[in-house]
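Undergrad: I am sharing query_39.txt, which consists of compact mmCIF, C-alpha atoms:
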```txt
# COMPACT_ATOMS: atom_id res chain seq x y z
CA MET A 1 -20.63 157.46 296.98
CA MET A 2 -18.42 160.46 297.70
CA ARG A 3 -16.65 162.91 295.42
CA ILE A 4 -13.05 164.03 295.89
CA GLY A 5 -11.39 166.76 293.89
CA VAL A 6 -7.91 168.01 293.07
CA TYR A 7 -6.96 171.60 292.20
CA GLN A 8 -3.96 172.47 290.03
CA SER A 9 -2.84 176.11 289.98
CA ASP A 10 -0.01 178.44 289.02
CA PRO A 11 0.32 180.89 291.93
CA VAL A 12 1.89 184.32 291.70
CA PHE A 13 4.78 184.37 294.17
CA GLY A 14 4.05 186.49 297.22
CA ASP A 15 0.56 187.62 296.15
CA VAL A 16 -1.42 185.79 298.80
CA GLY A 17 -4.61 187.72 298.16
CA ALA A 18 -4.62 187.02 294.42
CA ASN A 19 -3.83 183.32 294.89
CA ILE A 20 -6.65 182.86 297.38
CA GLU A 21 -9.02 184.85 295.16
CA GLN A 22 -8.14 182.57 292.25
CA ALA A 23 -9.14 179.52 294.29
CA PHE A 24 -12.46 181.23 295.11
CA LYS A 25 -13.02 181.79 291.39
CA ASP A 26 -11.92 178.35 290.23
CA LEU A 27 -13.42 175.89 292.70
CA PRO A 28 -17.09 175.12 291.97
CA ALA A 29 -19.78 174.54 294.56
CA GLY A 30 -21.48 171.16 294.69
CA GLU A 31 -18.80 169.24 292.79
CA ALA A 32 -16.79 167.60 295.59
CA ASP A 33 -16.99 166.72 299.26
CA LEU A 34 -13.20 167.10 299.57
CA TRP A 35 -10.80 169.36 297.68
CA VAL A 36 -7.00 169.07 297.85
CA LEU A 37 -4.92 172.10 296.82
CA PRO A 38 -1.16 172.32 296.16
CA GLU A 39 1.66 172.83 298.63
CA LEU A 40 2.25 176.53 299.45
CA PHE A 41 -0.67 177.35 297.17
CA ASN A 42 -1.11 180.85 298.62
CA THR A 43 2.50 182.09 298.47
CA GLY A 44 4.39 180.25 295.76
CA TYR A 45 7.42 178.12 296.45
CA GLN A 46 10.86 179.60 295.77
CA PHE A 47 11.71 181.65 298.84
CA VAL A 48 15.02 183.52 298.85
CA SER A 49 15.50 184.35 302.54
CA GLN A 50 14.28 183.47 306.00
CA ASP A 51 12.97 187.01 306.41
CA GLU A 52 10.84 186.62 303.31
CA THR A 53 9.51 183.29 304.55
CA LEU A 54 8.60 184.79 307.93
CA GLU A 55 6.91 187.72 306.24
CA LEU A 56 4.69 185.50 304.08
CA ALA A 57 4.05 182.80 306.68
CA GLU A 58 0.89 182.99 308.78
CA GLU A 59 -0.49 181.66 312.01
CA VAL A 60 -2.69 178.57 311.84
CA PRO A 61 -5.61 178.86 312.23
CA GLY A 62 -5.65 182.56 313.08
CA GLY A 63 -4.11 183.95 309.89
CA ARG A 64 -5.79 185.39 306.82
CA THR A 65 -5.42 182.28 304.66
CA CYS A 66 -7.09 179.91 307.11
CA ARG A 67 -9.91 182.37 307.72
CA ASP A 68 -10.52 182.88 304.01
CA MET A 69 -10.31 179.19 303.22
CA ALA A 70 -12.78 178.38 305.99
CA GLU A 71 -15.15 180.83 304.30
CA LEU A 72 -14.57 179.07 300.97
CA ALA A 73 -15.20 175.68 302.59
CA ALA A 74 -18.50 176.97 303.91
CA ASN A 75 -19.42 178.34 300.48
CA LEU A 76 -18.60 175.05 298.80
CA GLY A 77 -19.91 172.77 301.53
CA SER A 78 -16.59 170.89 301.30
CA ILE A 79 -13.51 169.90 303.26
CA LEU A 80 -10.38 171.73 302.00
CA VAL A 81 -6.78 170.58 302.42
CA PHE A 82 -4.23 173.19 301.35
CA GLY A 83 -0.51 173.86 301.73
CA MET A 84 0.84 177.06 303.29
CA ALA A 85 3.78 178.45 305.22
CA GLU A 86 2.93 178.41 308.92
CA ARG A 87 4.58 180.83 311.34
CA VAL A 88 5.10 179.83 314.97
CA GLU A 89 6.90 182.62 316.83
CA ASN A 90 10.20 183.08 314.94
CA CYS A 91 10.22 179.87 312.91
CA CYS A 92 8.26 178.53 309.97
CA TYR A 93 6.84 175.17 308.96
CA ASN A 94 5.82 173.93 305.54
CA SER A 95 2.31 172.95 306.56
CA ALA A 96 -1.03 171.74 305.30
CA ALA A 97 -4.21 172.96 306.97
CA LEU A 98 -7.63 171.33 306.92
CA VAL A 99 -10.84 173.34 307.12
CA GLY A 100 -14.47 172.50 306.60
CA PRO A 101 -17.85 174.20 306.55
CA ARG A 102 -17.72 174.40 310.35
CA GLY A 103 -14.21 175.84 310.45
CA PHE A 104 -10.71 174.66 311.28
CA ILE A 105 -10.06 170.92 311.56
CA GLY A 106 -6.30 170.49 311.94
CA VAL A 107 -2.78 171.01 310.64
CA TYR A 108 0.08 168.79 309.52
CA ARG A 109 3.69 170.01 309.35
CA LYS A 110 5.87 168.48 306.64
CA ALA A 111 8.21 165.82 308.00
CA HIS A 112 10.65 165.45 305.10
CA LEU A 113 11.98 168.75 303.77
CA PHE A 114 13.24 168.90 300.19
CA PHE A 115 16.31 170.76 298.91
CA GLU A 116 16.39 174.44 299.97
CA GLU A 117 13.30 174.05 302.14
CA LYS A 118 15.83 173.15 304.82
CA GLU A 119 17.06 176.75 304.68
CA PHE A 120 13.65 178.25 305.39
CA PHE A 121 11.52 175.73 307.27
CA LYS A 122 11.82 173.71 310.44
CA PRO A 123 11.17 169.94 310.17
CA GLY A 124 7.59 169.13 311.09
CA ASP A 125 6.78 168.13 314.66
CA THR A 126 3.13 167.07 314.39
CA GLY A 127 3.83 163.48 313.45
CA PHE A 128 1.56 161.72 310.99
CA GLN A 129 -2.10 162.25 311.75
CA VAL A 130 -5.45 161.03 310.50
CA PHE A 131 -8.48 163.30 310.67
CA ASP A 132 -11.98 161.82 310.91
CA VAL A 133 -14.34 164.04 308.92
CA GLY A 134 -17.35 161.78 309.35
CA TRP A 135 -17.69 160.15 305.95
CA ALA A 136 -13.98 159.31 305.68
CA LYS A 137 -10.69 159.35 307.51
CA ILE A 138 -8.11 161.64 305.91
CA GLY A 139 -4.34 161.31 306.17
CA VAL A 140 -2.15 164.22 305.11
CA MET A 141 1.34 164.18 303.62
CA ILE A 142 3.18 166.95 301.76
CA CYS A 143 5.20 166.65 298.53
CA PHE A 144 8.60 165.04 299.30
CA ASP A 145 6.98 162.90 302.01
CA TRP A 146 6.08 160.60 299.10
CA PHE A 147 9.73 159.56 298.77
CA PHE A 148 9.53 157.79 302.14
CA PRO A 149 7.10 154.84 301.95
CA GLU A 150 6.85 154.84 305.72
CA THR A 151 4.74 158.02 305.48
CA ALA A 152 1.90 156.45 303.53
CA ARG A 153 2.14 153.20 305.46
CA VAL A 154 1.89 154.86 308.87
CA LEU A 155 -1.08 156.96 307.75
CA SER A 156 -2.77 153.85 306.38
CA LEU A 157 -2.12 151.87 309.56
CA LEU A 158 -3.69 154.76 311.46
CA GLY A 159 -6.84 154.20 309.45
CA ALA A 160 -6.64 156.69 306.59
CA ASP A 161 -9.05 156.02 303.73
CA ILE A 162 -7.68 158.90 301.63
CA LEU A 163 -4.15 160.28 301.44
CA CYS A 164 -4.25 164.01 300.75
CA HIS A 165 -0.97 165.08 299.19
CA PRO A 166 -0.45 168.82 298.55
CA SER A 167 2.67 169.11 296.38
CA ASN A 168 5.02 171.36 294.40
CA LEU A 169 6.78 168.65 292.45
CA VAL A 170 9.88 169.29 290.35
CA LEU A 171 11.20 165.71 290.13
CA PRO A 172 9.57 163.42 287.53
CA PHE A 173 8.96 160.36 289.70
CA CYS A 174 6.18 161.04 292.17
CA GLN A 175 3.06 160.51 290.10
CA LYS A 176 4.12 156.97 289.20
CA ALA A 177 5.33 156.24 292.73
CA MET A 178 1.96 157.23 294.20
CA VAL A 179 0.39 154.43 292.17
CA THR A 180 2.41 152.04 294.32
CA ARG A 181 1.66 153.94 297.54
CA SER A 182 -2.07 153.59 296.85
CA LEU A 183 -1.82 149.95 295.80
CA GLU A 184 0.39 148.72 298.63
CA ASN A 185 -1.90 150.34 301.23
CA ALA A 186 -5.26 149.99 299.42
CA VAL A 187 -6.10 153.67 299.88
CA TYR A 188 -7.29 156.52 297.72
CA SER A 189 -4.70 159.23 297.15
CA VAL A 190 -5.01 162.79 295.88
CA THR A 191 -1.78 164.45 294.71
CA ALA A 192 -2.40 168.15 294.08
CA ASN A 193 0.56 169.57 292.18
CA ARG A 194 1.08 172.98 290.56
CA VAL A 195 2.25 174.09 287.14
CA GLY A 196 4.46 176.91 285.85
CA THR A 197 7.98 177.99 286.73
CA GLU A 198 9.68 180.16 289.34
CA ALA A 199 13.13 181.77 289.11
CA ARG A 200 13.85 184.18 291.92
CA GLY A 201 16.92 185.74 293.49
CA GLY A 202 19.26 184.55 290.75
CA LYS A 203 18.46 180.91 291.48
CA GLU A 204 18.07 178.17 288.91
CA PRO A 205 14.50 178.10 287.57
CA LEU A 206 12.14 175.54 289.05
CA ALA A 207 9.71 173.92 286.62
CA PHE A 208 6.72 172.27 288.26
CA THR A 209 5.46 169.06 286.71
CA GLY A 210 1.68 169.27 287.07
CA GLY A 211 0.07 165.89 286.56
CA SER A 212 -2.22 166.17 289.58
CA GLN A 213 -4.11 162.93 290.05
CA ILE A 214 -6.69 161.02 292.02
CA LEU A 215 -5.90 157.32 292.47
CA GLY A 216 -8.02 154.42 293.66
CA PRO A 217 -7.02 151.69 296.13
CA SER A 218 -5.88 149.49 293.24
CA GLY A 219 -3.54 152.23 291.99
CA ARG A 220 -5.80 153.06 289.05
CA ILE A 221 -5.96 156.71 287.95
CA LEU A 222 -9.53 157.86 288.47
CA SER A 223 -9.11 161.45 287.33
CA GLY A 224 -6.42 164.08 286.88
CA LEU A 225 -4.88 166.90 284.88
CA ASN A 226 -1.96 167.14 282.47
CA ASP A 227 1.43 168.74 283.02
CA ARG A 228 0.41 172.24 281.91
CA GLU A 229 -3.26 172.92 282.52
CA LYS A 230 -4.73 174.86 285.39
CA GLY A 231 -8.03 173.80 286.84
CA TRP A 232 -9.61 170.93 288.73
CA ALA A 233 -10.67 167.31 288.40
CA VAL A 234 -13.11 165.19 290.42
CA ALA A 235 -13.65 161.48 290.96
CA GLN A 236 -16.48 159.57 292.60
CA ILE A 237 -15.33 157.07 295.18
CA HIS A 238 -16.65 154.37 297.49
CA VAL A 239 -14.82 154.90 300.77
CA GLU A 240 -15.51 151.30 301.84
CA GLU A 241 -13.17 150.06 299.11
CA ALA A 242 -10.24 151.56 301.04
CA ARG A 243 -11.18 149.51 304.10
CA ASN A 244 -10.78 146.16 302.41
CA LYS A 245 -7.11 145.24 302.68
CA LYS A 246 -7.44 141.80 301.10
CA ILE A 247 -5.16 140.87 298.18
CA THR A 248 -6.37 137.26 297.78
CA VAL A 249 -8.54 135.04 299.94
CA TYR A 250 -5.29 134.08 301.71
CA ASN A 251 -3.56 137.46 301.84
CA ASP A 252 -4.16 140.72 303.62
CA ARG A 253 -1.96 143.80 303.29
CA PHE A 254 -1.86 144.48 307.01
CA GLU A 255 -2.47 141.08 308.62
CA ASP A 256 0.36 139.53 306.61
CA ARG A 257 2.90 142.07 307.80
CA ARG A 258 5.88 140.77 309.83
CA PRO A 259 6.79 143.68 312.16
CA GLU A 260 9.19 141.46 314.12
CA LEU A 261 11.40 141.44 310.99
CA TYR A 262 11.22 145.16 310.32
CA GLY A 263 13.24 146.51 313.25
CA ARG A 264 15.84 148.02 310.93
CA LEU A 265 13.23 150.47 309.66
CA CYS A 266 13.34 152.24 313.00
CA LYS A 267 17.11 152.69 313.06
```
In structure tokens, write the structure found in this file.
TA:
Amino acid sequence: MMRIGVYQSDPVFGDVGANIEQAFKDLPAGEADLWVLPELFNTGYQFVSQDETLELAEEVPGGRTCRDMAELAANLGSILVFGMAERVENCCYNSAALVGPRGFIGVYRKAHLFFEEKEFFKPGDTGFQVFDVGWAKIGVMICFDWFFPETARVLSLLGADILCHPSNLVLPFCQKAMVTRSLENAVYSVTANRVGTEARGGKEPLAFTGGSQILGPSGRILSGLNDREKGWAVAQIHVEEARNKKITVYNDRFEDRRPELYGRLCK
């Protein structure tokens, strides 16, 4: 039996210190072995220029946010997955970092950029990765990656037991779609969304949909939060349930695949 948790916040744009401090205040010790935080949880989302993005982005793992979150992971005795802007020389990625009680584990850079993210971030170059943390194998995807079913399928084929999904969702579809992503791959999924609104630089306001959720391999909602509240939720899981891909005694999600018919997916 393991415990996985989701954190739903309303960050103050640009106040990295305050947003990290809020996570320190909110996340309780001893409640979860894994916590998933939202996309860009430390900066906020609605950037207005490349210069601003570069200013707020940080190196991974050498920057302030990764160092502080590694300290939090040690305090909690948990694995943390959190979204942040990553700076690499003169470009930025919309990334998710993983840290644990022993320090940095890895980073994933978002493959599918949404809307104006294309103005400020470079498409991710890490590919889809699965991180073995001992008691489970964790696959990471970020927000709009959900729209492409290949993301969850590749991570599942790579052995992921849990899909960690930091998000800043403004479209109304994802939470329901992730039910299918979990069901079709028989994996746990943790979608960590944020709440609140942002309206910066004369842009149209963005309203974030909340609804963070933890789903089981059957697509059942195990725990979650509503569309307005800030806080956290936890679910107990049996990791082994994500390793049984059977549908019936005759059918298996992966063994019944017909890759020889799927060539079009790669074109």
Undergrad: Can you tell me, as an mmCIF file with C-alpha atoms, in the coordinates of the input, what residues are no more than 10 Å from Val239 of chain A when counting all atoms listed in the file, ignoring any on the same chain fewer than 3 positions away?
TA:
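Result file is around.cif:
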```
data_model
loop_
_atom_site.group_PDB
_atom_site.id
_atom_site.type_symbol
_atom_site.label_atom_id
_atom_site.label_comp_id
_atom_site.auth_asym_id
_atom_site.auth_seq_id
_atom_site.Cartn_x
_atom_site.Cartn_y
_atom_site.Cartn_z
ATOM 1 C CA MET A 1 -20.630 157.460 296.980
ATOM 2 C CA MET A 2 -18.420 160.460 297.700
ATOM 3 C CA ARG A 3 -16.650 162.910 295.420
ATOM 4 C CA TRP A 135 -17.690 160.150 305.950
ATOM 5 C CA ALA A 136 -13.980 159.310 305.680
ATOM 6 C CA LYS A 137 -10.690 159.350 307.510
ATOM 7 C CA ASP A 161 -9.050 156.020 303.730
ATOM 8 C CA ILE A 162 -7.680 158.900 301.630
ATOM 9 C CA VAL A 187 -6.100 153.670 299.880
ATOM 10 C CA TYR A 188 -7.290 156.520 297.720
ATOM 11 C CA GLY A 216 -8.020 154.420 293.660
ATOM 12 C CA PRO A 217 -7.020 151.690 296.130
ATOM 13 C CA GLN A 236 -16.480 159.570 292.600
ATOM 14 C CA ALA A 242 -10.240 151.560 301.040
ATOM 15 C CA ARG A 243 -11.180 149.510 304.100
ATOM 16 C CA ASN A 244 -10.780 146.160 302.410
#
```
Undergrad: When you draw a straight line from atom CA of Glu150 of chain A to atom CA of Leu37 of chain A, how long is it in Å?
TA: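 These atoms are spaced 22.7 Å apart.
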Undergrad: List the neighbours of Trp232 of chain A out to 12 Å using all atoms listed in the file; skip same-chain residues closer than 4 positions along the sequence, and give me the result as a tab-separated table (two decimals) with C-alpha atoms, in the frame of the given file.
TA:
```tsv
chain	number	residue	atom	x	y	z
A	4	ILE	CA	-13.05	164.03	295.89
A	5	GLY	CA	-11.39	166.76	293.89
A	6	VAL	CA	-7.91	168.01	293.07
A	7	TYR	CA	-6.96	171.60	292.20
A	8	GLN	CA	-3.96	172.47	290.03
A	9	SER	CA	-2.84	176.11	289.98
A	23	ALA	CA	-9.14	179.52	294.29
A	25	LYS	CA	-13.02	181.79	291.39
A	26	ASP	CA	-11.92	178.35	290.23
A	27	LEU	CA	-13.42	175.89	292.70
A	28	PRO	CA	-17.09	175.12	291.97
A	31	GLU	CA	-18.80	169.24	292.79
A	32	ALA	CA	-16.79	167.60	295.59
A	35	TRP	CA	-10.80	169.36	297.68
A	36	VAL	CA	-7.00	169.07	297.85
A	37	LEU	CA	-4.92	172.10	296.82
A	38	PRO	CA	-1.16	172.32	296.16
A	190	VAL	CA	-5.01	162.79	295.88
A	191	THR	CA	-1.78	164.45	294.71
A	192	ALA	CA	-2.40	168.15	294.08
A	193	ASN	CA	0.56	169.57	292.18
A	194	ARG	CA	1.08	172.98	290.56
A	210	GLY	CA	1.68	169.27	287.07
A	211	GLY	CA	0.07	165.89	286.56
A	212	SER	CA	-2.22	166.17	289.58
A	213	GLN	CA	-4.11	162.93	290.05
A	214	ILE	CA	-6.69	161.02	292.02
A	223	SER	CA	-9.11	161.45	287.33
A	224	GLY	CA	-6.42	164.08	286.88
A	225	LEU	CA	-4.88	166.90	284.88
A	226	ASN	CA	-1.96	167.14	282.47
```
Undergrad: Atom CA of Arg153 of chain A and atom CA of Glu117 of chain A, how far apart in Å?
TA: 23.9 Å
Undergrad: Counting all atoms listed in the file, which of A:Glu241, A:Asp33, A:Asp145, A:Asp10 gets nearest to Leu76 of chain A?
TA: A:Asp33
Undergrad: Do a neighbour search on Glu198 of chain A at 7 Å with all atoms listed in the file, toss out local chain neighbours closer than 6 positions, and write the hits as a ChimeraX atom specification.
TA: /A:46,205-207
Undergrad: Would you list the residues near (-21.8, 180.2, 304.9), meaning any protein, DNA or RNA residue with an atom at most 7 Å from that point in file coordinates, counting all atoms listed in the file, as a list in words?
TA: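 It turns out the residues near that spot are Glu71, Ala74 and Asn75 of chain A.
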Undergrad: Find the residues near Ser49 of chain A: any atom within 12 Å, counting all atoms listed in the file, skip ones fewer than 4 places away on the same chain, and give them as a ChimeraX atom specification.
TA: /A:45,53-56,92,116-121,200-201,203
Undergrad: How far is it from atom CA of Gln175 of chain A to atom CA of Asn42 of chain A, in Å with one decimal?
TA: 22.4 Å
Undergrad: Using all atoms listed in the file, which of the listed residues (A:Gly30, A:Trp146, A:Asp51, A:Asp15) sits closest to Asn168 of chain A?
TA: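 Checking each candidate against Asn168 of chain A, we get A:Trp146 as the closest.
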Undergrad: Compile the contact shell of Val16 of chain A as a ChimeraX atom specification: residues with an atom at most 9 Å away, counting all atoms listed in the file, same-chain residues fewer than 4 positions apart removed.
TA: /A:11-12,20-21,41-44,56,65
Undergrad: Using only C-alpha atoms, which residue out of A:Tyr108, A:Tyr262, A:Phe148, A:Tyr250 lies closest to Phe131 of chain A?
TA: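 Smallest distance to Phe131 of chain A is found for A:Tyr108.
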Undergrad: Go through A:Val179, A:Ala199, A:Leu169, A:Leu80 one by one, measure the shortest atom-to-atom distance of each to Val140 of chain A using only C-alpha atoms, and give the residue with the smallest value.
TA: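 Going through A:Val179, A:Ala199, A:Leu169, A:Leu80 one by one, the smallest distance to Val140 of chain A is for A:Leu80.
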Undergrad: Could you check which of A:Asn94, A:Ser167, A:Ser189, A:Ser156 is closest to Leu222 of chain A, using all atoms listed in the file?
TA: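 So, comparing all the options, the nearest one is A:Ser189.
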Undergrad: For a quick check of understanding, using only C-alpha atoms, which of A:Gly103, A:Leu215, A:Arg258, A:Arg264 has the smallest distance to Gly77 of chain A?
TA: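 Distance minimum relative to Gly77 of chain A lands on A:Gly103.
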Undergrad: For segment 115-126 of chain A, supply all heavy atoms and report the output as a CSV table (one decimal), keeping the file's coordinate frame.
TA:
```
chain,number,residue,atom,x,y,z
A,115,PHE,N,15.4,169.8,299.5
A,115,PHE,CA,16.3,170.8,298.9
A,115,PHE,C,16.4,172.0,299.8
A,115,PHE,O,16.6,171.9,301.0
A,115,PHE,CB,15.9,171.1,297.5
A,115,PHE,CG,16.9,171.8,296.6
A,115,PHE,CD1,18.2,171.3,296.6
A,115,PHE,CD2,16.5,172.9,295.9
A,115,PHE,CE1,19.1,172.0,295.8
A,115,PHE,CE2,17.5,173.6,295.1
A,115,PHE,CZ,18.8,173.1,295.1
A,116,GLU,N,16.2,173.2,299.2
A,116,GLU,CA,16.4,174.4,300.0
A,116,GLU,C,15.3,174.7,301.0
A,116,GLU,O,15.4,175.7,301.8
A,116,GLU,CB,16.5,175.6,299.0
A,116,GLU,CG,17.7,175.6,298.2
A,116,GLU,CD,17.8,176.9,297.3
A,116,GLU,OE1,16.8,177.5,297.0
A,116,GLU,OE2,18.9,177.2,296.9
A,117,GLU,N,14.3,173.9,301.1
A,117,GLU,CA,13.3,174.0,302.1
A,117,GLU,C,14.0,174.0,303.5
A,117,GLU,O,13.6,174.6,304.5
A,117,GLU,CB,12.2,172.9,302.1
A,117,GLU,CG,11.3,173.1,300.9
A,117,GLU,CD,10.4,171.9,300.8
A,117,GLU,OE1,10.1,171.3,301.8
A,117,GLU,OE2,10.0,171.5,299.7
A,118,LYS,N,15.1,173.3,303.6
A,118,LYS,CA,15.8,173.2,304.8
A,118,LYS,C,16.4,174.5,305.3
A,118,LYS,O,16.8,174.6,306.4
A,118,LYS,CB,16.9,172.1,304.7
A,118,LYS,CG,16.4,170.7,304.5
A,118,LYS,CD,17.5,169.6,304.6
A,118,LYS,CE,16.9,168.2,304.5
A,118,LYS,NZ,17.9,167.2,304.7
A,119,GLU,N,16.6,175.4,304.3
A,119,GLU,CA,17.1,176.8,304.7
A,119,GLU,C,16.0,177.6,305.3
A,119,GLU,O,16.3,178.6,306.0
A,119,GLU,CB,17.6,177.5,303.4
A,119,GLU,CG,18.7,176.8,302.7
A,119,GLU,CD,20.0,176.9,303.5
A,119,GLU,OE1,20.2,177.9,304.3
A,119,GLU,OE2,20.9,176.0,303.4
A,120,PHE,N,14.7,177.3,305.0
A,120,PHE,CA,13.6,178.2,305.4
A,120,PHE,C,12.6,177.7,306.3
A,120,PHE,O,11.9,178.4,307.0
A,120,PHE,CB,12.9,178.7,304.1
A,120,PHE,CG,13.9,179.2,303.1
A,120,PHE,CD1,13.9,178.7,301.8
A,120,PHE,CD2,14.7,180.3,303.4
A,120,PHE,CE1,14.8,179.1,300.8
A,120,PHE,CE2,15.6,180.8,302.4
A,120,PHE,CZ,15.7,180.2,301.2
A,121,PHE,N,12.5,176.4,306.4
A,121,PHE,CA,11.5,175.7,307.3
A,121,PHE,C,12.1,174.8,308.3
A,121,PHE,O,13.2,174.2,308.1
A,121,PHE,CB,10.5,174.9,306.4
A,121,PHE,CG,9.7,175.7,305.4
A,121,PHE,CD1,10.0,175.7,304.1
A,121,PHE,CD2,8.7,176.5,305.9
A,121,PHE,CE1,9.3,176.4,303.2
A,121,PHE,CE2,8.0,177.3,305.0
A,121,PHE,CZ,8.3,177.3,303.6
A,122,LYS,N,11.4,174.6,309.4
A,122,LYS,CA,11.8,173.7,310.4
A,122,LYS,C,11.1,172.4,310.2
A,122,LYS,O,10.0,172.3,309.7
A,122,LYS,CB,11.4,174.3,311.8
A,122,LYS,CG,11.8,173.5,313.0
A,122,LYS,CD,11.4,174.2,314.3
A,122,LYS,CE,11.8,173.4,315.5
A,122,LYS,NZ,11.4,174.1,316.8
A,123,PRO,N,11.8,171.2,310.4
A,123,PRO,CA,11.2,169.9,310.2
A,123,PRO,C,9.9,169.8,311.0
A,123,PRO,O,9.9,170.2,312.2
A,123,PRO,CB,12.2,168.9,310.6
A,123,PRO,CG,13.5,169.6,310.4
A,123,PRO,CD,13.2,171.1,310.8
A,124,GLY,N,8.9,169.2,310.4
A,124,GLY,CA,7.6,169.1,311.1
A,124,GLY,C,7.6,168.3,312.4
A,124,GLY,O,8.4,167.4,312.5
A,125,ASP,N,6.8,168.8,313.3
A,125,ASP,CA,6.8,168.1,314.7
A,125,ASP,C,5.4,167.6,315.0
A,125,ASP,O,5.2,167.2,316.2
A,125,ASP,CB,7.3,169.1,315.7
A,125,ASP,CG,6.4,170.4,315.8
A,125,ASP,OD1,5.4,170.5,315.0
A,125,ASP,OD2,6.7,171.3,316.6
A,126,THR,N,4.5,167.6,314.1
A,126,THR,CA,3.1,167.1,314.4
A,126,THR,C,3.0,165.6,314.4
A,126,THR,O,2.1,165.0,314.9
A,126,THR,CB,2.1,167.6,313.4
A,126,THR,OG1,2.5,167.3,312.1
A,126,THR,CG2,2.0,169.1,313.5
```
